[in-house]
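Asks: Provided below: run_33.cif, containing mmCIF, C-alpha atoms and all ligand atoms.
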```cif
data_coords
#
loop_
_atom_site.group_PDB
_atom_site.id
_atom_site.type_symbol
_atom_site.label_atom_id
_atom_site.label_comp_id
_atom_site.auth_asym_id
_atom_site.auth_seq_id
_atom_site.Cartn_x
_atom_site.Cartn_y
_atom_site.Cartn_z
ATOM 1 C CA MET A 18 79.334 27.091 4.271
ATOM 2 C CA PRO A 19 79.100 24.143 6.709
ATOM 3 C CA GLY A 20 82.032 24.012 9.078
ATOM 4 C CA LEU A 21 82.764 27.707 8.671
ATOM 5 C CA MET A 22 80.386 28.930 11.357
ATOM 6 C CA SER A 23 81.812 31.690 13.461
ATOM 7 C CA GLY A 24 80.729 34.645 15.542
ATOM 8 C CA PRO A 25 78.257 37.427 14.834
ATOM 9 C CA LEU A 26 78.874 39.623 11.794
ATOM 10 C CA PRO A 27 79.434 43.369 12.326
ATOM 11 C CA LEU A 28 76.208 45.383 12.031
ATOM 12 C CA ARG A 29 77.776 47.775 9.517
ATOM 13 C CA LEU A 30 80.462 47.031 6.959
ATOM 14 C CA ASP A 31 82.496 48.993 4.443
ATOM 15 C CA PRO A 32 82.376 47.134 1.090
ATOM 16 C CA LEU A 33 85.406 48.995 -0.326
ATOM 17 C CA TYR A 34 87.466 47.941 2.674
ATOM 18 C CA LEU A 35 86.357 44.309 2.249
ATOM 19 C CA ALA A 36 87.347 44.436 -1.438
ATOM 20 C CA GLU A 37 90.694 46.182 -0.887
ATOM 21 C CA GLN A 38 91.685 43.799 1.897
ATOM 22 C CA GLY A 39 90.356 40.727 0.080
ATOM 23 C CA ILE A 40 88.305 39.822 3.149
ATOM 24 C CA ARG A 41 85.754 37.028 2.960
ATOM 25 C CA LEU A 42 83.548 37.097 6.045
ATOM 26 C CA ASN A 43 81.680 34.142 7.488
ATOM 27 C CA GLY A 44 79.383 34.642 10.413
ATOM 28 C CA MET A 45 75.982 34.636 11.961
ATOM 29 C CA ILE A 46 73.355 37.345 12.025
ATOM 30 C CA SER A 47 70.448 37.484 14.453
ATOM 31 C CA LEU A 48 66.998 37.263 12.833
ATOM 32 C CA ARG A 49 65.107 38.305 15.942
ATOM 33 C CA THR A 50 65.247 42.027 15.179
ATOM 34 C CA MET A 51 64.032 41.530 11.579
ATOM 35 C CA ALA A 52 60.442 42.692 12.056
ATOM 36 C CA ARG A 53 59.423 42.483 8.383
ATOM 37 C CA LEU A 54 60.742 38.941 8.108
ATOM 38 C CA CYS A 55 58.934 37.858 11.279
ATOM 39 C CA GLU A 56 55.734 39.394 9.931
ATOM 40 C CA ALA A 57 56.032 37.635 6.557
ATOM 41 C CA THR A 58 56.498 34.211 8.207
ATOM 42 C CA GLN A 59 55.241 32.350 11.286
ATOM 43 C CA GLY A 60 58.495 33.081 13.096
ATOM 44 C CA LEU A 61 61.961 31.648 13.368
ATOM 45 C CA ALA A 62 62.964 27.999 13.349
ATOM 46 C CA GLU A 63 66.519 29.068 14.152
ATOM 47 C CA ARG A 64 67.374 32.425 15.703
ATOM 48 C CA LYS A 65 70.293 33.166 13.410
ATOM 49 C CA ALA A 66 71.127 33.089 9.731
ATOM 50 C CA GLU A 67 74.491 31.941 8.455
ATOM 51 C CA VAL A 68 76.037 34.487 6.096
ATOM 52 C CA GLU A 69 79.116 34.724 3.890
ATOM 53 C CA LEU A 70 80.093 38.118 2.399
ATOM 54 C CA TRP A 71 82.843 39.467 0.166
ATOM 55 C CA SER A 72 83.194 42.244 -2.407
ATOM 56 C CA THR A 73 85.160 43.277 -5.471
ATOM 57 C CA ILE A 74 85.959 46.532 -7.263
ATOM 58 C CA ASP A 75 85.892 46.411 -11.065
ATOM 59 C CA PRO A 76 88.274 48.453 -13.300
ATOM 60 C CA GLY A 77 85.541 51.107 -13.621
ATOM 61 C CA GLY A 78 85.598 51.578 -9.851
ATOM 62 C CA ILE A 79 82.233 49.939 -9.223
ATOM 63 C CA CYS A 80 82.089 47.973 -5.996
ATOM 64 C CA THR A 81 79.942 44.834 -5.935
ATOM 65 C CA LEU A 82 78.979 42.965 -2.789
ATOM 66 C CA TYR A 83 78.498 39.192 -3.059
ATOM 67 C CA GLY A 84 77.177 36.790 -0.502
ATOM 68 C CA ASN A 85 75.519 33.518 0.402
ATOM 69 C CA TYR A 86 73.031 33.054 3.186
ATOM 70 C CA SER A 87 70.929 30.363 4.806
ATOM 71 C CA ALA A 88 68.230 30.528 7.451
ATOM 72 C CA ARG A 89 65.413 28.378 8.811
ATOM 73 C CA LEU A 90 61.994 29.975 9.209
ATOM 74 C CA LYS A 91 58.544 28.750 10.178
ATOM 75 C CA MET A 92 55.875 28.980 7.478
ATOM 76 C CA VAL A 93 52.449 27.426 6.908
ATOM 77 C CA CYS A 94 52.774 24.305 4.738
ATOM 78 C CA GLN A 95 50.460 24.699 1.755
ATOM 79 C CA ARG A 96 49.938 20.931 1.541
ATOM 80 C CA CYS A 97 48.768 20.163 5.116
ATOM 81 C CA LEU A 98 48.322 23.715 6.560
ATOM 82 C CA GLY A 99 50.603 22.793 9.472
ATOM 83 C CA LEU A 100 53.684 24.712 10.569
ATOM 84 C CA ALA A 101 56.811 23.724 8.682
ATOM 85 C CA ASP A 102 60.469 24.600 9.153
ATOM 86 C CA ILE A 103 61.491 26.015 5.789
ATOM 87 C CA GLU A 104 65.132 26.275 4.839
ATOM 88 C CA ILE A 105 65.984 29.400 2.852
ATOM 89 C CA ASN A 106 69.219 29.469 0.862
ATOM 90 C CA GLY A 107 70.254 32.186 -1.500
ATOM 91 C CA SER A 108 72.980 34.346 -2.875
ATOM 92 C CA LEU A 109 73.248 38.089 -3.366
ATOM 93 C CA ASP A 110 74.949 40.332 -5.879
ATOM 94 C CA LEU A 111 74.563 44.086 -5.266
ATOM 95 C CA ALA A 112 76.261 47.124 -6.784
ATOM 96 C CA MET A 113 77.225 49.351 -3.861
ATOM 97 C CA VAL A 114 76.919 53.034 -4.711
ATOM 98 C CA GLY A 115 77.651 56.137 -2.682
ATOM 99 C CA SER A 116 75.640 58.614 -4.759
ATOM 100 C CA GLU A 117 72.877 59.010 -7.343
ATOM 101 C CA ALA A 118 75.522 59.928 -9.945
ATOM 102 C CA GLU A 119 77.329 56.670 -9.291
ATOM 103 C CA ALA A 120 74.040 54.729 -9.483
ATOM 104 C CA ALA A 121 73.394 56.231 -12.943
ATOM 105 C CA ARG A 122 76.609 54.596 -14.204
ATOM 106 C CA ILE A 123 75.441 51.090 -13.289
ATOM 107 C CA ASP A 124 73.993 48.754 -15.913
ATOM 108 C CA GLY A 125 70.209 48.511 -15.422
ATOM 109 C CA GLU A 126 70.284 44.723 -14.918
ATOM 110 C CA VAL A 127 72.180 44.966 -11.643
ATOM 111 C CA GLU A 128 70.507 45.553 -8.309
ATOM 112 C CA ILE A 129 71.746 48.688 -6.574
ATOM 113 C CA TYR A 130 72.287 49.368 -2.888
ATOM 114 C CA GLN A 131 72.699 52.947 -1.714
ATOM 115 C CA LEU A 132 75.416 53.139 0.942
ATOM 116 C CA GLY A 133 74.995 55.294 4.008
ATOM 117 C CA LYS A 134 76.822 58.609 4.521
ATOM 118 C CA ASP A 135 79.627 56.658 6.192
ATOM 119 C CA ASN A 136 79.993 54.567 2.967
ATOM 120 C CA MET A 137 78.895 51.495 4.885
ATOM 121 C CA PHE A 138 75.958 49.138 4.534
ATOM 122 C CA SER A 139 73.688 47.606 7.165
ATOM 123 C CA THR A 140 74.295 43.854 7.234
ATOM 124 C CA ARG A 141 70.899 43.253 8.825
ATOM 125 C CA GLU A 142 69.012 45.366 6.264
ATOM 126 C CA ILE A 143 70.626 43.609 3.290
ATOM 127 C CA ILE A 144 70.146 40.104 4.679
ATOM 128 C CA GLU A 145 66.535 40.813 5.688
ATOM 129 C CA ASP A 146 65.725 42.108 2.175
ATOM 130 C CA GLU A 147 67.401 39.082 0.603
ATOM 131 C CA LEU A 148 65.591 36.599 2.850
ATOM 132 C CA LEU A 149 62.239 38.248 2.080
ATOM 133 C CA LEU A 150 62.948 37.901 -1.655
ATOM 134 C CA SER A 151 63.932 34.247 -1.198
ATOM 135 C CA LEU A 152 60.817 33.125 0.704
ATOM 136 C CA PRO A 153 59.071 30.333 -1.202
ATOM 137 C CA TYR A 154 55.814 31.339 -2.867
ATOM 138 C CA ILE A 155 54.260 27.984 -1.915
ATOM 139 C CA PRO A 156 56.022 26.670 1.201
ATOM 140 C CA VAL A 157 55.616 22.949 1.912
ATOM 141 C CA HIS A 158 57.200 20.458 4.335
ATOM 142 C CA GLU A 159 60.545 19.443 2.791
ATOM 143 C CA ASN A 160 59.749 15.842 3.629
ATOM 144 C CA ALA A 161 56.160 14.917 2.655
ATOM 145 C CA ALA A 162 56.134 12.397 5.559
ATOM 146 C CA ASP A 163 56.247 15.370 7.969
ATOM 147 C CA CYS A 164 52.866 16.636 6.748
ATOM 148 C CA ASP A 165 49.964 16.262 9.182
ATOM 149 C CA ALA A 166 48.359 12.993 7.959
ATOM 150 C CA VAL A 167 44.945 13.656 9.583
ATOM 151 C CA MET A 168 44.772 17.123 8.086
ATOM 152 C CA LEU A 169 45.822 15.841 4.655
ATOM 153 C CA HIS A 170 42.958 13.328 4.796
ATOM 154 C CA VAL A 171 40.438 16.025 5.781
ATOM 155 C CA LEU A 172 41.663 18.314 2.997
ATOM 156 C CA GLU A 173 41.521 15.464 0.481
ATOM 157 C CA CYS A 174 37.908 14.650 1.438
ATOM 158 C CA ASN A 175 36.878 18.270 1.045
ATOM 159 C CA ARG A 176 38.538 18.396 -2.331
ATOM 160 C CA SER A 177 36.589 15.430 -3.713
ATOM 161 C CA ASP A 178 33.294 17.101 -2.704
ATOM 162 C CA GLU A 179 33.886 19.665 -5.398
ATOM 163 C CA PRO A 180 32.302 18.819 -8.765
ATOM 164 C CA THR A 181 35.602 18.697 -10.579
ATOM 165 C CA ARG A 182 35.561 15.007 -11.481
ATOM 166 C CA PRO A 183 33.231 14.113 -14.348
ATOM 167 C CA GLU A 184 31.380 11.461 -12.290
ATOM 168 C CA ASN A 185 30.493 14.070 -9.641
ATOM 169 C CA ASN A 186 29.515 16.708 -12.119
ATOM 170 C CA PRO A 187 25.727 16.816 -12.772
ATOM 171 C CA PHE A 188 26.306 18.329 -16.206
ATOM 172 C CA ALA A 189 28.506 15.400 -17.170
ATOM 173 C CA ILE A 190 25.651 13.050 -16.223
ATOM 174 C CA LEU A 191 23.180 15.058 -18.363
ATOM 175 C CA LYS A 192 25.612 14.897 -21.234
ATOM 176 C CA ASN A 193 25.782 11.112 -20.903
ATOM 177 C CA LEU A 194 21.952 10.921 -20.887
ATOM 178 C CA ASN A 195 21.810 12.997 -24.045
ATOM 179 C CA CYS A 196 24.213 10.643 -25.746
ATOM 180 C CA ASP A 197 21.852 7.742 -25.026
HETATM 181 ZN ZN ZN B 201 52.849 19.804 5.334
#
```
Please lay out the structure from this file as structure tokens.
Ligand SMILES: [Zn+2]
Replies:
Amino acid sequence: MPGLMSGPLPLRLDPLYLAEQGIRLNGMISLRTMARLCEATQGLAERKAEVELWSTIDPGGICTLYGNYSARLKMVCQRCLGLADIEINGSLDLAMVGSEAEAARIDGEVEIYQLGKDNMFSTREIIEDELLLSLPYIPVHENAADCDAVMLHVLECNRSDEPTRPENNPFAILKNLNCD
């Protein structure tokens, strides 16, 4: 996607139109109105996500939306507990259906998106859902050198206070005495 940055994407899009016209969209989408995403993270490192979208219609008439996206969000690093800018990259693959009957025809493996009454989808809703699914389970600073060195030291000291190592474990000492 680098080099293909362009303007904001439309808020609503018709996937059939994209497929019929062979349109491949590249654009930006604002993250500031994505309340669920802001709640699940410590906020935005960049205010916009970069998104690429296109769709196809298979011989059975099923329309599938494809896309790639990237965003930078702030999350708590699980190594140093400091704030880290986390880059999220992902791709999407959604069967776009207009009705329950159409959804019933889709293979169970595929994720389904129910189009609105206007047969359009909300760009923001889809990208927010995708970003939420792509958040790392254990976020850490991409570059370990960016971790807070003082905090790492404090955390390391606390860790070694726990009786996990045999030499710190009183039961291990008793066991050694018994062996003598
Ligand atoms: Zn860190």
Asks: Taking all atoms listed in the file into account, report as a list in words which residues have an atom no farther than 9 Å from an atom of ligand ZN 201 (chain B).
Replies: Val93, Cys94, Gln95, Arg96, Cys97, Leu98, Gly99, Leu100, Ala101, Pro156, Val157, His158, Glu159, Asn160, Ala161, Ala162, Asp163, Cys164, Asp165, Ala166, Met168 and Leu169 of chain A
Asks: Output C-alpha atoms of each residue in that selection to a file, as a PDB file, in the frame of the given file.
Replies:
```
ATOM      1  CA  VAL A  93      52.449  27.426   6.908  1.00  0.00           C
ATOM      2  CA  CYS A  94      52.774  24.305   4.738  1.00  0.00           C
ATOM      3  CA  GLN A  95      50.460  24.699   1.755  1.00  0.00           C
ATOM      4  CA  ARG A  96      49.938  20.931   1.541  1.00  0.00           C
ATOM      5  CA  CYS A  97      48.768  20.163   5.116  1.00  0.00           C
ATOM      6  CA  LEU A  98      48.322  23.715   6.560  1.00  0.00           C
ATOM      7  CA  GLY A  99      50.603  22.793   9.472  1.00  0.00           C
ATOM      8  CA  LEU A 100      53.684  24.712  10.569  1.00  0.00           C
ATOM      9  CA  ALA A 101      56.811  23.724   8.682  1.00  0.00           C
ATOM     10  CA  PRO A 156      56.022  26.670   1.201  1.00  0.00           C
ATOM     11  CA  VAL A 157      55.616  22.949   1.912  1.00  0.00           C
ATOM     12  CA  HIS A 158      57.200  20.458   4.335  1.00  0.00           C
ATOM     13  CA  GLU A 159      60.545  19.443   2.791  1.00  0.00           C
ATOM     14  CA  ASN A 160      59.749  15.842   3.629  1.00  0.00           C
ATOM     15  CA  ALA A 161      56.160  14.917   2.655  1.00  0.00           C
ATOM     16  CA  ALA A 162      56.134  12.397   5.559  1.00  0.00           C
ATOM     17  CA  ASP A 163      56.247  15.370   7.969  1.00  0.00           C
ATOM     18  CA  CYS A 164      52.866  16.636   6.748  1.00  0.00           C
ATOM     19  CA  ASP A 165      49.964  16.262   9.182  1.00  0.00           C
ATOM     20  CA  ALA A 166      48.359  12.993   7.959  1.00  0.00           C
ATOM     21  CA  MET A 168      44.772  17.123   8.086  1.00  0.00           C
ATOM     22  CA  LEU A 169      45.822  15.841   4.655  1.00  0.00           C
TER      23      LEU A 169
END
```
Asks: Which residue gives the smallest distance to Lys134 in chain A among A:Asn106, A:Arg29, A:Glu67, A:Leu61, with only C-alpha atoms counted?
Replies: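 The closest residue to Lys134 in chain A is A:Arg29.
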Asks: If the PyMOL selection byres (((chain A and resi 132) around 12) and not hetatm) is run on the structure shown, which residues does it catch, given as a PyMOL selection string?
Replies: chain A and resi 29-33+80-82+111-117+119-120+129-131+133-140+142-143
Asks: Find the residue from A:Ala88, A:Ile74, A:Met51, A:Ala118 that sits nearest to Leu35 in chain A; use only C-alpha atoms when measuring.
Replies: A:Ile74
Asks: Leaving out Ala66 in chain A and any residue of its chain fewer than 5 positions from it, which residues lie within 10 Å of it when counting all atoms listed in the file, given as a PDB file with C-alpha atoms, in the frame of the given file?
Replies:
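And here is the file that came out, result.pdb:
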```
ATOM      1  CA  PRO A  25      78.257  37.427  14.834  1.00  0.00           C
ATOM      2  CA  GLY A  44      79.383  34.642  10.413  1.00  0.00           C
ATOM      3  CA  MET A  45      75.982  34.636  11.961  1.00  0.00           C
ATOM      4  CA  ILE A  46      73.355  37.345  12.025  1.00  0.00           C
ATOM      5  CA  SER A  47      70.448  37.484  14.453  1.00  0.00           C
ATOM      6  CA  LEU A  48      66.998  37.263  12.833  1.00  0.00           C
ATOM      7  CA  LEU A  61      61.961  31.648  13.368  1.00  0.00           C
ATOM      8  CA  TYR A  86      73.031  33.054   3.186  1.00  0.00           C
ATOM      9  CA  SER A  87      70.929  30.363   4.806  1.00  0.00           C
ATOM     10  CA  ALA A  88      68.230  30.528   7.451  1.00  0.00           C
ATOM     11  CA  ARG A  89      65.413  28.378   8.811  1.00  0.00           C
ATOM     12  CA  LEU A  90      61.994  29.975   9.209  1.00  0.00           C
ATOM     13  CA  ILE A 105      65.984  29.400   2.852  1.00  0.00           C
ATOM     14  CA  ASN A 106      69.219  29.469   0.862  1.00  0.00           C
ATOM     15  CA  ILE A 144      70.146  40.104   4.679  1.00  0.00           C
ATOM     16  CA  GLU A 145      66.535  40.813   5.688  1.00  0.00           C
ATOM     17  CA  LEU A 148      65.591  36.599   2.850  1.00  0.00           C
TER      18      LEU A 148
END
```
Asks: Could you work out an axis-aligned box for range 28-44 of chain A, taking every atom the file lists and adding 3 Å on each side, and report centre and edge lengths in Å to one decimal, as AutoDock Vina command-line options?
Replies:
```
--center_x 83.9 --center_y 41.6 --center_z 5.3 --size_x 21.5 --size_y 20.9 --size_z 19.5
```
Asks: Go ahead and compute the interatomic distance for CA of Pro153 in chain A and CA of Glu104 in chain A, in Å to one decimal.
Replies: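 These atoms are spaced 9.5 Å apart.
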Asks: Could you tell me which residues the PyMOL selection byres (((chain A and resi 41) around 8) and not hetatm) returns for this structure, as number ranges by chain?
Replies: A: 35, 39-40, 42-43, 69-72
Asks: For a test of reading the model, state the distance in Å between CA of Asp146 in chain A and CA of Gly77 in chain A, rounded to one decimal.
Replies: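 Rounded to one decimal, the two atoms are 26.9 Å apart.
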Asks: Considering only C-alpha atoms, can you say which of A:Thr50, A:Glu56, A:Ala36, A:Leu149 comes closest to Asp75 in chain A?
Replies: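 The closest residue to Asp75 in chain A is A:Ala36.
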Asks: Please measure the separation of CA of Leu150 in chain A and CA of Leu54 in chain A, giving the value in Å to one decimal.
Replies: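 Separation between CA of Leu150 in chain A and CA of Leu54 in chain A: 10.1 Å.
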Asks: Using the chain letters and numbers from this file, what does the PyMOL selection byres (((chain A and resi 57) around 10) and not hetatm) select? Give the answer as a list of chain:residue names.
Replies: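 Taken on the displayed file, the PyMOL selection byres (((chain A and resi 57) around 10) and not hetatm) yields the residues A:Ala52, A:Arg53, A:Leu54, A:Cys55, A:Glu56, A:Thr58, A:Gln59, A:Gly60, A:Lys91, A:Met92, A:Leu149, A:Leu152.
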